[in-house]
file input_30.cif (mmCIF, C-alpha atoms)
data_final
#
loop_
_atom_site.group_PDB
_atom_site.id
_atom_site.type_symbol
_atom_site.label_atom_id
_atom_site.label_comp_id
_atom_site.auth_asym_id
_atom_site.auth_seq_id
_atom_site.Cartn_x
_atom_site.Cartn_y
_atom_site.Cartn_z
ATOM 1 C CA MET A 133 -48.183 -66.658 56.227
ATOM 2 C CA GLN A 134 -44.868 -68.398 56.672
ATOM 3 C CA ILE A 135 -42.707 -68.028 59.755
ATOM 4 C CA GLN A 136 -39.048 -68.921 59.775
ATOM 5 C CA ILE A 137 -36.660 -69.094 62.731
ATOM 6 C CA VAL A 138 -33.034 -68.887 61.603
ATOM 7 C CA ALA A 139 -30.436 -69.380 64.312
ATOM 8 C CA ILE A 140 -26.695 -69.685 64.607
ATOM 9 C CA GLY A 141 -25.429 -72.921 66.150
ATOM 10 C CA LYS A 142 -26.802 -76.355 66.859
ATOM 11 C CA ILE A 143 -29.010 -77.223 69.807
ATOM 12 C CA ARG A 144 -26.955 -79.606 71.895
ATOM 13 C CA GLU A 145 -29.441 -80.203 74.701
ATOM 14 C CA SER A 146 -31.929 -82.918 73.809
ATOM 15 C CA TYR A 147 -34.573 -81.549 76.221
ATOM 16 C CA LEU A 148 -34.584 -78.225 74.361
ATOM 17 C CA ARG A 149 -34.848 -79.989 70.996
ATOM 18 C CA GLU A 150 -37.836 -81.874 72.392
ATOM 19 C CA GLY A 151 -39.544 -78.713 73.661
ATOM 20 C CA ILE A 152 -38.988 -76.883 70.388
ATOM 21 C CA GLY A 153 -40.422 -79.905 68.583
ATOM 22 C CA VAL A 154 -43.599 -79.734 70.692
ATOM 23 C CA TYR A 155 -44.274 -76.105 69.671
ATOM 24 C CA SER A 156 -43.152 -76.666 66.098
ATOM 25 C CA THR A 157 -45.792 -79.416 65.704
ATOM 26 C CA ARG A 158 -48.511 -77.186 67.176
ATOM 27 C CA LEU A 159 -47.516 -74.283 64.914
ATOM 28 C CA SER A 160 -47.436 -76.454 61.792
ATOM 29 C CA ARG A 161 -51.221 -76.891 62.187
ATOM 30 C CA LEU A 162 -51.698 -73.104 61.996
ATOM 31 C CA HIS A 163 -49.289 -71.985 59.249
ATOM 32 C CA LYS A 164 -45.970 -72.841 57.645
ATOM 33 C CA ILE A 165 -43.120 -72.862 60.138
ATOM 34 C CA SER A 166 -39.507 -73.677 59.410
ATOM 35 C CA LEU A 167 -36.482 -73.860 61.665
ATOM 36 C CA LEU A 168 -33.025 -73.490 60.269
ATOM 37 C CA ASP A 169 -29.739 -73.832 62.172
ATOM 38 C CA LEU A 170 -26.665 -72.360 60.532
ATOM 39 C CA PRO A 171 -23.138 -73.376 61.582
ATOM 40 C CA GLU A 172 -21.455 -70.936 63.934
ATOM 41 C CA GLU A 173 -18.089 -69.439 63.071
ATOM 42 C CA ARG A 174 -15.241 -70.739 65.190
ATOM 43 C CA ILE A 175 -14.461 -68.181 67.829
ATOM 44 C CA SER A 176 -13.161 -68.826 71.290
ATOM 45 C CA ALA A 177 -13.012 -66.703 74.408
ATOM 46 C CA LYS A 178 -9.353 -66.145 73.479
ATOM 47 C CA SER A 179 -10.137 -64.710 70.014
ATOM 48 C CA SER A 180 -9.296 -61.047 69.541
ATOM 49 C CA GLU A 181 -12.051 -58.446 69.324
ATOM 50 C CA SER A 182 -11.523 -58.047 65.569
ATOM 51 C CA GLU A 183 -11.688 -61.832 65.063
ATOM 52 C CA LYS A 184 -14.972 -61.905 66.977
ATOM 53 C CA ARG A 185 -16.356 -58.986 64.985
ATOM 54 C CA LEU A 186 -15.416 -60.664 61.721
ATOM 55 C CA ALA A 187 -17.054 -63.937 62.776
ATOM 56 C CA ILE A 188 -20.271 -62.184 63.824
ATOM 57 C CA GLU A 189 -20.343 -60.325 60.495
ATOM 58 C CA LYS A 190 -19.967 -63.598 58.589
ATOM 59 C CA GLU A 191 -22.764 -65.166 60.648
ATOM 60 C CA GLY A 192 -24.914 -62.097 59.944
ATOM 61 C CA ARG A 193 -24.462 -62.464 56.199
ATOM 62 C CA LYS A 194 -25.417 -66.155 56.410
ATOM 63 C CA LEU A 195 -28.563 -65.255 58.366
ATOM 64 C CA MET A 196 -29.639 -62.626 55.838
ATOM 65 C CA ALA A 197 -28.918 -64.946 52.906
ATOM 66 C CA ALA A 198 -31.228 -67.552 54.471
ATOM 67 C CA ALA A 199 -34.304 -65.267 54.523
ATOM 68 C CA PRO A 200 -36.411 -64.546 51.423
ATOM 69 C CA ASP A 201 -35.730 -61.030 50.052
ATOM 70 C CA THR A 202 -39.253 -59.840 50.814
ATOM 71 C CA SER A 203 -39.349 -61.242 54.346
ATOM 72 C CA VAL A 204 -40.022 -59.138 57.428
ATOM 73 C CA ILE A 205 -36.891 -59.431 59.601
ATOM 74 C CA VAL A 206 -37.137 -59.667 63.386
ATOM 75 C CA ALA A 207 -33.717 -59.673 65.088
ATOM 76 C CA LEU A 208 -33.552 -60.930 68.664
ATOM 77 C CA ASP A 209 -31.331 -58.828 70.882
ATOM 78 C CA PRO A 210 -31.461 -58.169 74.649
ATOM 79 C CA THR A 211 -31.208 -54.410 73.989
ATOM 80 C CA GLY A 212 -34.210 -54.437 71.619
ATOM 81 C CA ALA A 213 -37.834 -53.413 72.118
ATOM 82 C CA ILE A 214 -39.586 -54.896 75.130
ATOM 83 C CA LEU A 215 -43.031 -56.059 74.004
ATOM 84 C CA SER A 216 -45.715 -57.937 75.863
ATOM 85 C CA SER A 217 -47.165 -61.077 74.249
ATOM 86 C CA PRO A 218 -50.305 -59.244 72.995
ATOM 87 C CA GLU A 219 -48.067 -56.500 71.564
ATOM 88 C CA LEU A 220 -45.962 -59.025 69.623
ATOM 89 C CA SER A 221 -49.162 -60.668 68.412
ATOM 90 C CA ALA A 222 -50.478 -57.272 67.221
ATOM 91 C CA ARG A 223 -47.238 -56.585 65.313
ATOM 92 C CA ILE A 224 -47.515 -59.942 63.507
ATOM 93 C CA ALA A 225 -51.189 -59.227 62.711
ATOM 94 C CA GLU A 226 -50.182 -55.836 61.275
ATOM 95 C CA TRP A 227 -47.595 -57.401 58.957
ATOM 96 C CA GLU A 228 -50.124 -60.024 57.887
ATOM 97 C CA LEU A 229 -52.679 -57.298 57.129
ATOM 98 C CA LYS A 230 -50.123 -55.507 54.965
ATOM 99 C CA GLY A 231 -49.807 -58.682 52.909
ATOM 100 C CA GLN A 232 -46.393 -59.725 54.186
ATOM 101 C CA GLY A 233 -46.143 -63.433 53.466
ATOM 102 C CA ASN A 234 -42.934 -64.166 55.372
ATOM 103 C CA ILE A 235 -41.534 -63.312 58.770
ATOM 104 C CA SER A 236 -37.967 -64.347 59.621
ATOM 105 C CA PHE A 237 -36.754 -64.343 63.219
ATOM 106 C CA PHE A 238 -32.959 -64.213 63.598
ATOM 107 C CA ILE A 239 -31.179 -65.549 66.680
ATOM 108 C CA GLY A 240 -27.426 -65.001 66.912
ATOM 109 C CA GLY A 241 -24.846 -67.266 68.476
ATOM 110 C CA PRO A 242 -23.096 -66.784 71.847
ATOM 111 C CA PHE A 243 -21.636 -63.437 70.698
ATOM 112 C CA GLY A 244 -24.895 -62.024 69.370
ATOM 113 C CA LEU A 245 -25.857 -60.408 66.072
ATOM 114 C CA SER A 246 -23.808 -58.071 63.860
ATOM 115 C CA PRO A 247 -24.645 -54.347 63.661
ATOM 116 C CA GLU A 248 -25.526 -54.969 59.993
ATOM 117 C CA VAL A 249 -28.286 -57.443 60.928
ATOM 118 C CA ILE A 250 -29.571 -55.123 63.659
ATOM 119 C CA SER A 251 -29.786 -52.134 61.277
ATOM 120 C CA HIS A 252 -31.400 -54.310 58.591
ATOM 121 C CA ALA A 253 -34.160 -55.583 60.883
ATOM 122 C CA ASP A 254 -37.769 -54.382 60.736
ATOM 123 C CA LEU A 255 -37.992 -55.060 64.463
ATOM 124 C CA VAL A 256 -35.254 -55.592 67.056
ATOM 125 C CA LEU A 257 -36.991 -57.593 69.758
ATOM 126 C CA SER A 258 -35.932 -58.282 73.337
ATOM 127 C CA LEU A 259 -37.533 -61.283 75.030
ATOM 128 C CA SER A 260 -35.863 -60.270 78.281
ATOM 129 C CA ARG A 261 -33.225 -57.889 79.613
ATOM 130 C CA MET A 262 -31.665 -60.977 81.157
ATOM 131 C CA THR A 263 -29.154 -63.038 79.217
ATOM 132 C CA PHE A 264 -30.370 -66.543 78.414
ATOM 133 C CA PRO A 265 -28.457 -69.297 76.586
ATOM 134 C CA HIS A 266 -29.179 -68.877 72.875
ATOM 135 C CA GLU A 267 -30.484 -72.453 72.780
ATOM 136 C CA LEU A 268 -33.086 -71.659 75.459
ATOM 137 C CA VAL A 269 -33.978 -68.442 73.592
ATOM 138 C CA ARG A 270 -35.162 -70.604 70.695
ATOM 139 C CA LEU A 271 -37.644 -72.417 72.954
ATOM 140 C CA MET A 272 -38.793 -69.102 74.471
ATOM 141 C CA LEU A 273 -39.261 -67.572 71.007
ATOM 142 C CA ILE A 274 -41.184 -70.453 69.452
ATOM 143 C CA GLU A 275 -43.457 -70.498 72.502
ATOM 144 C CA GLN A 276 -44.127 -66.760 72.011
ATOM 145 C CA ILE A 277 -44.863 -67.248 68.292
ATOM 146 C CA TYR A 278 -47.385 -69.951 69.209
ATOM 147 C CA ARG A 279 -48.882 -67.711 71.929
ATOM 148 C CA ALA A 280 -49.081 -64.805 69.458
ATOM 149 C CA ASP A 281 -51.009 -67.082 67.070
ATOM 150 C CA CYS A 282 -53.448 -68.074 69.808
ATOM 151 C CA ILE A 283 -54.070 -64.411 70.700
ATOM 152 C CA ARG A 284 -54.366 -63.321 67.039
ATOM 153 C CA LYS A 285 -56.611 -66.160 65.953
ATOM 154 C CA GLY A 286 -58.586 -66.278 69.197
ATOM 155 C CA ILE A 287 -57.854 -69.957 69.762
ATOM 156 C CA PRO A 288 -57.312 -71.376 73.245
ATOM 157 C CA TYR A 289 -53.697 -71.949 74.285
ATOM 158 C CA HIS A 290 -53.212 -75.689 74.236
ATOM 159 C CA LYS A 291 -51.285 -76.765 77.329
ATOM 160 C CA MET B 163 -26.701 -69.673 101.458
ATOM 161 C CA GLN B 164 -29.779 -71.700 100.658
ATOM 162 C CA ILE B 165 -32.003 -71.034 97.673
ATOM 163 C CA GLN B 166 -35.513 -72.374 97.431
ATOM 164 C CA ILE B 167 -37.891 -72.282 94.457
ATOM 165 C CA VAL B 168 -41.487 -72.752 95.550
ATOM 166 C CA ALA B 169 -44.024 -73.056 92.758
ATOM 167 C CA ILE B 170 -47.714 -73.779 92.364
ATOM 168 C CA GLY B 171 -48.575 -76.789 90.217
ATOM 169 C CA LYS B 172 -46.768 -79.825 88.869
ATOM 170 C CA ILE B 173 -44.491 -79.809 85.836
ATOM 171 C CA ARG B 174 -46.254 -81.988 83.299
ATOM 172 C CA GLU B 175 -43.744 -81.707 80.455
ATOM 173 C CA SER B 176 -40.902 -84.200 80.851
ATOM 174 C CA TYR B 177 -38.492 -82.063 78.786
ATOM 175 C CA LEU B 178 -38.890 -79.172 81.242
ATOM 176 C CA ARG B 179 -38.354 -81.503 84.203
ATOM 177 C CA GLU B 180 -35.160 -82.692 82.526
ATOM 178 C CA GLY B 181 -33.889 -79.150 81.901
ATOM 179 C CA ILE B 182 -34.653 -78.070 85.466
ATOM 180 C CA GLY B 183 -32.814 -81.188 86.666
ATOM 181 C CA VAL B 184 -29.714 -80.204 84.681
ATOM 182 C CA TYR B 185 -29.493 -76.781 86.396
ATOM 183 C CA SER B 186 -30.505 -78.164 89.779
ATOM 184 C CA THR B 187 -27.529 -80.570 89.667
ATOM 185 C CA ARG B 188 -25.131 -77.756 88.700
ATOM 186 C CA LEU B 189 -26.472 -75.503 91.461
ATOM 187 C CA SER B 190 -26.231 -78.231 94.098
ATOM 188 C CA ARG B 191 -22.430 -78.077 93.696
ATOM 189 C CA LEU B 192 -22.455 -74.376 94.622
ATOM 190 C CA HIS B 193 -24.962 -74.130 97.488
ATOM 191 C CA LYS B 194 -28.108 -75.696 98.845
ATOM 192 C CA ILE B 195 -30.970 -75.613 96.356
ATOM 193 C CA SER B 196 -34.439 -77.000 96.877
ATOM 194 C CA LEU B 197 -37.441 -77.131 94.572
ATOM 195 C CA LEU B 198 -40.903 -77.493 95.977
ATOM 196 C CA ASP B 199 -44.122 -77.889 93.993
ATOM 197 C CA LEU B 200 -47.358 -77.160 95.842
ATOM 198 C CA PRO B 201 -50.726 -78.390 94.568
ATOM 199 C CA GLU B 202 -52.729 -75.778 92.691
ATOM 200 C CA GLU B 203 -56.256 -74.914 93.796
ATOM 201 C CA ARG B 204 -58.940 -76.142 91.435
ATOM 202 C CA ILE B 205 -60.076 -73.256 89.324
ATOM 203 C CA SER B 206 -61.314 -73.381 85.792
ATOM 204 C CA ALA B 207 -61.770 -70.740 83.115
ATOM 205 C CA LYS B 208 -65.459 -70.843 84.105
ATOM 206 C CA SER B 209 -64.839 -70.020 87.780
ATOM 207 C CA SER B 210 -66.133 -66.661 88.952
ATOM 208 C CA GLU B 211 -63.720 -63.814 89.686
ATOM 209 C CA SER B 212 -64.248 -64.203 93.437
ATOM 210 C CA GLU B 213 -63.606 -67.966 93.227
ATOM 211 C CA LYS B 214 -60.354 -67.259 91.365
ATOM 212 C CA ARG B 215 -59.335 -64.629 93.903
ATOM 213 C CA LEU B 216 -60.008 -67.001 96.773
ATOM 214 C CA ALA B 217 -57.980 -69.767 95.122
ATOM 215 C CA ILE B 218 -55.018 -67.450 94.468
ATOM 216 C CA GLU B 219 -55.165 -66.264 98.087
ATOM 217 C CA LYS B 220 -55.084 -69.874 99.326
ATOM 218 C CA GLU B 221 -52.136 -70.640 97.056
ATOM 219 C CA GLY B 222 -50.386 -67.514 98.357
ATOM 220 C CA ARG B 223 -50.772 -68.644 101.968
ATOM 221 C CA LYS B 224 -49.340 -72.078 101.066
ATOM 222 C CA LEU B 225 -46.350 -70.430 99.357
ATOM 223 C CA MET B 226 -45.619 -68.212 102.357
ATOM 224 C CA ALA B 227 -45.987 -71.123 104.777
ATOM 225 C CA ALA B 228 -43.375 -73.062 102.780
ATOM 226 C CA ALA B 229 -40.626 -70.437 103.209
ATOM 227 C CA PRO B 230 -38.589 -70.054 106.412
ATOM 228 C CA ASP B 231 -39.702 -66.982 108.442
ATOM 229 C CA THR B 232 -36.385 -65.220 107.966
ATOM 230 C CA SER B 233 -36.141 -65.898 104.246
ATOM 231 C CA VAL B 234 -35.780 -63.178 101.622
ATOM 232 C CA ILE B 235 -38.861 -63.447 99.389
ATOM 233 C CA VAL B 236 -38.632 -62.915 95.625
ATOM 234 C CA ALA B 237 -42.043 -63.036 93.917
ATOM 235 C CA LEU B 238 -42.079 -63.594 90.150
ATOM 236 C CA ASP B 239 -44.573 -61.395 88.364
ATOM 237 C CA PRO B 240 -44.568 -60.016 84.797
ATOM 238 C CA THR B 241 -45.301 -56.520 86.163
ATOM 239 C CA GLY B 242 -42.289 -56.606 88.523
ATOM 240 C CA ALA B 243 -38.831 -55.052 88.287
ATOM 241 C CA ILE B 244 -36.937 -55.695 85.065
ATOM 242 C CA LEU B 245 -33.362 -56.607 85.993
ATOM 243 C CA SER B 246 -30.460 -57.723 83.840
ATOM 244 C CA SER B 247 -28.611 -60.906 84.834
ATOM 245 C CA PRO B 248 -25.722 -58.963 86.474
ATOM 246 C CA GLU B 249 -28.285 -56.854 88.383
ATOM 247 C CA LEU B 250 -30.018 -59.950 89.774
ATOM 248 C CA SER B 251 -26.625 -61.378 90.688
ATOM 249 C CA ALA B 252 -25.741 -58.143 92.525
ATOM 250 C CA ARG B 253 -29.028 -58.261 94.494
ATOM 251 C CA ILE B 254 -28.301 -61.825 95.610
ATOM 252 C CA ALA B 255 -24.734 -60.810 96.583
ATOM 253 C CA GLU B 256 -26.165 -57.914 98.645
ATOM 254 C CA TRP B 257 -28.508 -60.226 100.565
ATOM 255 C CA GLU B 258 -25.652 -62.670 101.155
ATOM 256 C CA LEU B 259 -23.455 -59.830 102.463
ATOM 257 C CA LYS B 260 -26.202 -58.813 104.895
ATOM 258 C CA GLY B 261 -26.073 -62.355 106.288
ATOM 259 C CA GLN B 262 -29.356 -63.550 104.780
ATOM 260 C CA GLY B 263 -29.115 -67.333 104.780
ATOM 261 C CA ASN B 264 -32.228 -68.082 102.730
ATOM 262 C CA ILE B 265 -33.765 -66.789 99.530
ATOM 263 C CA SER B 266 -37.171 -68.096 98.448
ATOM 264 C CA PHE B 267 -38.406 -67.554 94.889
ATOM 265 C CA PHE B 268 -42.187 -67.846 94.498
ATOM 266 C CA ILE B 269 -43.823 -68.773 91.180
ATOM 267 C CA GLY B 270 -47.609 -68.680 91.016
ATOM 268 C CA GLY B 271 -49.909 -70.918 89.010
ATOM 269 C CA PRO B 272 -51.725 -70.024 85.772
ATOM 270 C CA PHE B 273 -53.594 -67.173 87.510
ATOM 271 C CA GLY B 274 -50.520 -65.639 89.129
ATOM 272 C CA LEU B 275 -49.743 -64.577 92.686
ATOM 273 C CA SER B 276 -52.052 -62.999 95.260
ATOM 274 C CA PRO B 277 -51.704 -59.293 96.188
ATOM 275 C CA GLU B 278 -50.733 -60.488 99.702
ATOM 276 C CA VAL B 279 -47.676 -62.366 98.345
ATOM 277 C CA ILE B 280 -46.716 -59.417 96.133
ATOM 278 C CA SER B 281 -46.872 -56.941 99.031
ATOM 279 C CA HIS B 282 -44.968 -59.346 101.296
ATOM 280 C CA ALA B 283 -42.075 -59.802 98.842
ATOM 281 C CA ASP B 284 -38.654 -58.191 99.266
ATOM 282 C CA LEU B 285 -38.386 -58.107 95.475
ATOM 283 C CA VAL B 286 -41.054 -58.484 92.793
ATOM 284 C CA LEU B 287 -39.100 -59.694 89.779
ATOM 285 C CA SER B 288 -40.104 -59.814 86.125
ATOM 286 C CA LEU B 289 -38.137 -62.192 83.898
ATOM 287 C CA SER B 290 -39.974 -60.794 80.885
ATOM 288 C CA ARG B 291 -42.913 -58.558 80.014
ATOM 289 C CA MET B 292 -44.086 -61.472 77.881
ATOM 290 C CA THR B 293 -46.273 -64.167 79.358
ATOM 291 C CA PHE B 294 -44.614 -67.575 79.474
ATOM 292 C CA PRO B 295 -46.126 -70.853 80.702
ATOM 293 C CA HIS B 296 -45.433 -71.069 84.436
ATOM 294 C CA GLU B 297 -43.684 -74.393 83.853
ATOM 295 C CA LEU B 298 -41.224 -72.784 81.422
ATOM 296 C CA VAL B 299 -40.742 -69.897 83.881
ATOM 297 C CA ARG B 300 -39.265 -72.410 86.316
ATOM 298 C CA LEU B 301 -36.580 -73.417 83.791
ATOM 299 C CA MET B 302 -35.889 -69.743 82.952
ATOM 300 C CA LEU B 303 -35.589 -68.870 86.659
ATOM 301 C CA ILE B 304 -33.281 -71.718 87.652
ATOM 302 C CA GLU B 305 -31.052 -70.886 84.676
ATOM 303 C CA GLN B 306 -30.863 -67.263 85.900
ATOM 304 C CA ILE B 307 -30.043 -68.341 89.451
ATOM 305 C CA TYR B 308 -27.197 -70.481 88.077
ATOM 306 C CA ARG B 309 -26.037 -67.599 85.858
ATOM 307 C CA ALA B 310 -26.172 -65.210 88.843
ATOM 308 C CA ASP B 311 -23.954 -67.633 90.792
ATOM 309 C CA CYS B 312 -21.430 -67.756 87.940
ATOM 310 C CA ILE B 313 -21.300 -63.947 87.794
ATOM 311 C CA ARG B 314 -21.106 -63.538 91.598
ATOM 312 C CA LYS B 315 -18.494 -66.238 92.152
ATOM 313 C CA GLY B 316 -16.556 -65.465 88.960
ATOM 314 C CA ILE B 317 -16.818 -69.033 87.693
ATOM 315 C CA PRO B 318 -17.205 -69.821 83.978
ATOM 316 C CA TYR B 319 -20.718 -70.625 82.796
ATOM 317 C CA HIS B 320 -20.722 -74.351 82.137
ATOM 318 C CA LYS B 321 -22.544 -75.083 78.881
#
call {"tool": "encode", "arguments": {"input": "input_30.cif", "output": "structure tokens"}}
result
Amino acid sequence: MQIQIVAIGKIRESYLREGIGVYSTRLSRLHKISLLDLPEERISAKSSESEKRLAIEKEGRKLMAAAPDTSVIVALDPTGAILSSPELSARIAEWELKGQGNISFFIGGPFGLSPEVISHADLVLSLSRMTFPHELVRLMLIEQIYRADCIRKGIPYHK
Amino acid sequence: MQIQIVAIGKIRESYLREGIGVYSTRLSRLHKISLLDLPEERISAKSSESEKRLAIEKEGRKLMAAAPDTSVIVALDPTGAILSSPELSARIAEWELKGQGNISFFIGGPFGLSPEVISHADLVLSLSRMTFPHELVRLMLIEQIYRADCIRKGIPYHK
């Protein structure tokens, strides 16, 4: 099993990089984990709607190109399915049981994911109905992947 | 308007302390904000159910004693109301309009909040159906309080 987190944009806050590093180290003892940041397209608050749409589409294509063809795709979106931690863990266990070797989690930039990515995803997942900075979402997601592992493998959650 | 976050247990992770500090500084420019950590009762995974219940009840009484009598109480619980960021902002604006000077957010320890705290709360709020470490919940909450301020006051979200 290999889990990949592909996200748009760099993490500017050092404290978030540190937190993500903590969980990444813990996860690397359980299975392959890779984190990939892709450059965000330049869009500003002043960009027109069609410019924004175009940029999000480009970002979407970069995300999909980064995942192996056979990978399960989980797209993070606030309008997606609300799962509890045991439910997410059960979904991962299901994919594993079906012999899926790769799971790719996609996190969009400040303007979210393109409709193409959303329709391509095996699961559209909402961590919260609230809007969080996409950099913080990465920490929240990697923590949930680690928690899902602990539940699935029956190992105690290391504080 | 004064906002207080009262939580059970210390924050051990320095990166979370740093992140909470970042938002605390931003919030302090908008209104009074205070963060209070109360010591957690000693309970272990081996403690009996009644020992756990007793400890959570004690923690609950400490939380309630820490809030001003007239304060609006928001208890964080994964089974609570799922609000979007604009909805939380609107609730805070409503309380402000009614002349409520204080809002106290309560975050329990690893075993959650007592039924007494839950029934006493003006709002039981769920940030997510997923379980997050209570230390990370503090960062998620303070970010949402800052975001709610930006929405309510119409100021741009400072990255």
call {"tool": "atom_distance", "arguments": {"input": "input_30.cif", "atom1": "atom CA of Gly151 of chain A", "atom2": "atom CA of Tyr308 of chain B"}}
result
20.7 Å
call {"tool": "resolve_selection", "arguments": {"input": "input_30.cif", "expression": "the PyMOL selection byres ((chain A) within 9 of (chain B))", "output": "list of chain:residue names"}}
result
A:Glu145, A:Ser146, A:Tyr147, A:Leu148, A:Arg149, A:Glu150, A:Gly151, A:Ile214, A:Leu215, A:Ser216, A:Ser217, A:Pro218, A:Glu219, A:Leu220, A:Ser258, A:Leu259, A:Ser260, A:Arg261, A:Met262, A:Thr263, A:Phe264, A:Pro265, A:Leu268, A:Met272, A:Glu275, A:Gln276, A:Arg279, A:Lys291
call {"tool": "closest_residue", "arguments": {"input": "input_30.cif", "among": "A:His290, A:Leu162, A:Cys282, A:Phe243", "to": "Ser179 of chain A", "atoms": "only C-alpha atoms"}}
result
A:Phe243
call {"tool": "atom_distance", "arguments": {"input": "input_30.cif", "atom1": "atom CA of Ala139 of chain A", "atom2": "atom CA of Ala199 of chain A"}}
result
11.3 Å
call {"tool": "residues_near_point", "arguments": {"input": "input_30.cif", "point": "(-29.7, -68.9, 64.6)", "cutoff": "8 Å", "atoms": "only C-alpha atoms", "output": "number ranges by chain"}}
result
A: 137-141, 168-170, 195, 238-241
call {"tool": "write_last_selection", "arguments": {"input": "input_30.cif", "atoms": "C-alpha atoms", "output": "PDB file, keeping the file's coordinate frame"}}
result
ATOM      1  CA  ILE A 137     -36.660 -69.094  62.731  1.00  0.00           C
ATOM      2  CA  VAL A 138     -33.034 -68.887  61.603  1.00  0.00           C
ATOM      3  CA  ALA A 139     -30.436 -69.380  64.312  1.00  0.00           C
ATOM      4  CA  ILE A 140     -26.695 -69.685  64.607  1.00  0.00           C
ATOM      5  CA  GLY A 141     -25.429 -72.921  66.150  1.00  0.00           C
ATOM      6  CA  LEU A 168     -33.025 -73.490  60.269  1.00  0.00           C
ATOM      7  CA  ASP A 169     -29.739 -73.832  62.172  1.00  0.00           C
ATOM      8  CA  LEU A 170     -26.665 -72.360  60.532  1.00  0.00           C
ATOM      9  CA  LEU A 195     -28.563 -65.255  58.366  1.00  0.00           C
ATOM     10  CA  PHE A 238     -32.959 -64.213  63.598  1.00  0.00           C
ATOM     11  CA  ILE A 239     -31.179 -65.549  66.680  1.00  0.00           C
ATOM     12  CA  GLY A 240     -27.426 -65.001  66.912  1.00  0.00           C
ATOM     13  CA  GLY A 241     -24.846 -67.266  68.476  1.00  0.00           C
TER      14      GLY A 241
END
call {"tool": "resolve_selection", "arguments": {"input": "input_30.cif", "expression": "the PyMOL selection byres ((chain A and resi 284-287) around 8)", "output": "PyMOL selection string"}}
result
chain A and resi 221-222+225+280-283+288-289
call {"tool": "closest_atom_pairs", "arguments": {"input": "input_30.cif", "of": "segment 188-273 of chain B", "to": "segment 163-166 of chain B", "cutoff": "9 Å", "atoms": "all atoms listed in the file", "output": "Markdown table"}}
result
| residue | atom | partner | partner_atom | distance |
| --- | --- | --- | --- | --- |
| B:His193 | CA | B:Met163 | CA | 6.2 |
| B:Lys194 | CA | B:Gln164 | CA | 4.7 |
| B:Ile195 | CA | B:Ile165 | CA | 4.9 |
| B:Ser196 | CA | B:Gln166 | CA | 4.8 |
| B:Leu197 | CA | B:Gln166 | CA | 5.9 |
| B:Leu198 | CA | B:Gln166 | CA | 7.6 |
| B:Ala229 | CA | B:Gln166 | CA | 8.0 |
| B:Glu258 | CA | B:Met163 | CA | 7.1 |
| B:Gly261 | CA | B:Met163 | CA | 8.8 |
| B:Gln262 | CA | B:Met163 | CA | 7.5 |
| B:Gly263 | CA | B:Met163 | CA | 4.7 |
| B:Asn264 | CA | B:Gln164 | CA | 4.8 |
| B:Ile265 | CA | B:Ile165 | CA | 5.0 |
| B:Ser266 | CA | B:Gln166 | CA | 4.7 |
| B:Phe267 | CA | B:Gln166 | CA | 6.2 |
| B:Phe268 | CA | B:Gln166 | CA | 8.6 |
call {"tool": "atom_distance", "arguments": {"input": "input_30.cif", "atom1": "atom CA of Glu278 of chain B", "atom2": "atom CA of Gly242 of chain B"}}
result
14.5 Å
call {"tool": "resolve_selection", "arguments": {"input": "input_30.cif", "expression": "the PyMOL selection byres ((chain B and resi 286) around 6)", "output": "ChimeraX atom specification"}}
result
/B:236-238,242,285,287
call {"tool": "closest_residue", "arguments": {"input": "input_30.cif", "among": "A:Val204, A:Ile175, A:Ser156, A:Arg161", "to": "Glu191 of chain A", "atoms": "only C-alpha atoms"}}
result
A:Ile175
call {"tool": "closest_residue", "arguments": {"input": "input_30.cif", "among": "A:Asp254, A:Glu172, A:Glu183, A:Asp201", "to": "Trp227 of chain A", "atoms": "all atoms listed in the file"}}
result
A:Asp254
call {"tool": "residues_around", "arguments": {"input": "input_30.cif", "residues": "Arg185 of chain A", "least_positions_apart": "4", "cutoff": "9 Å", "atoms": "all atoms listed in the file", "output": "PyMOL selection string"}}
result
chain A and resi 180-181+189-190+243+246
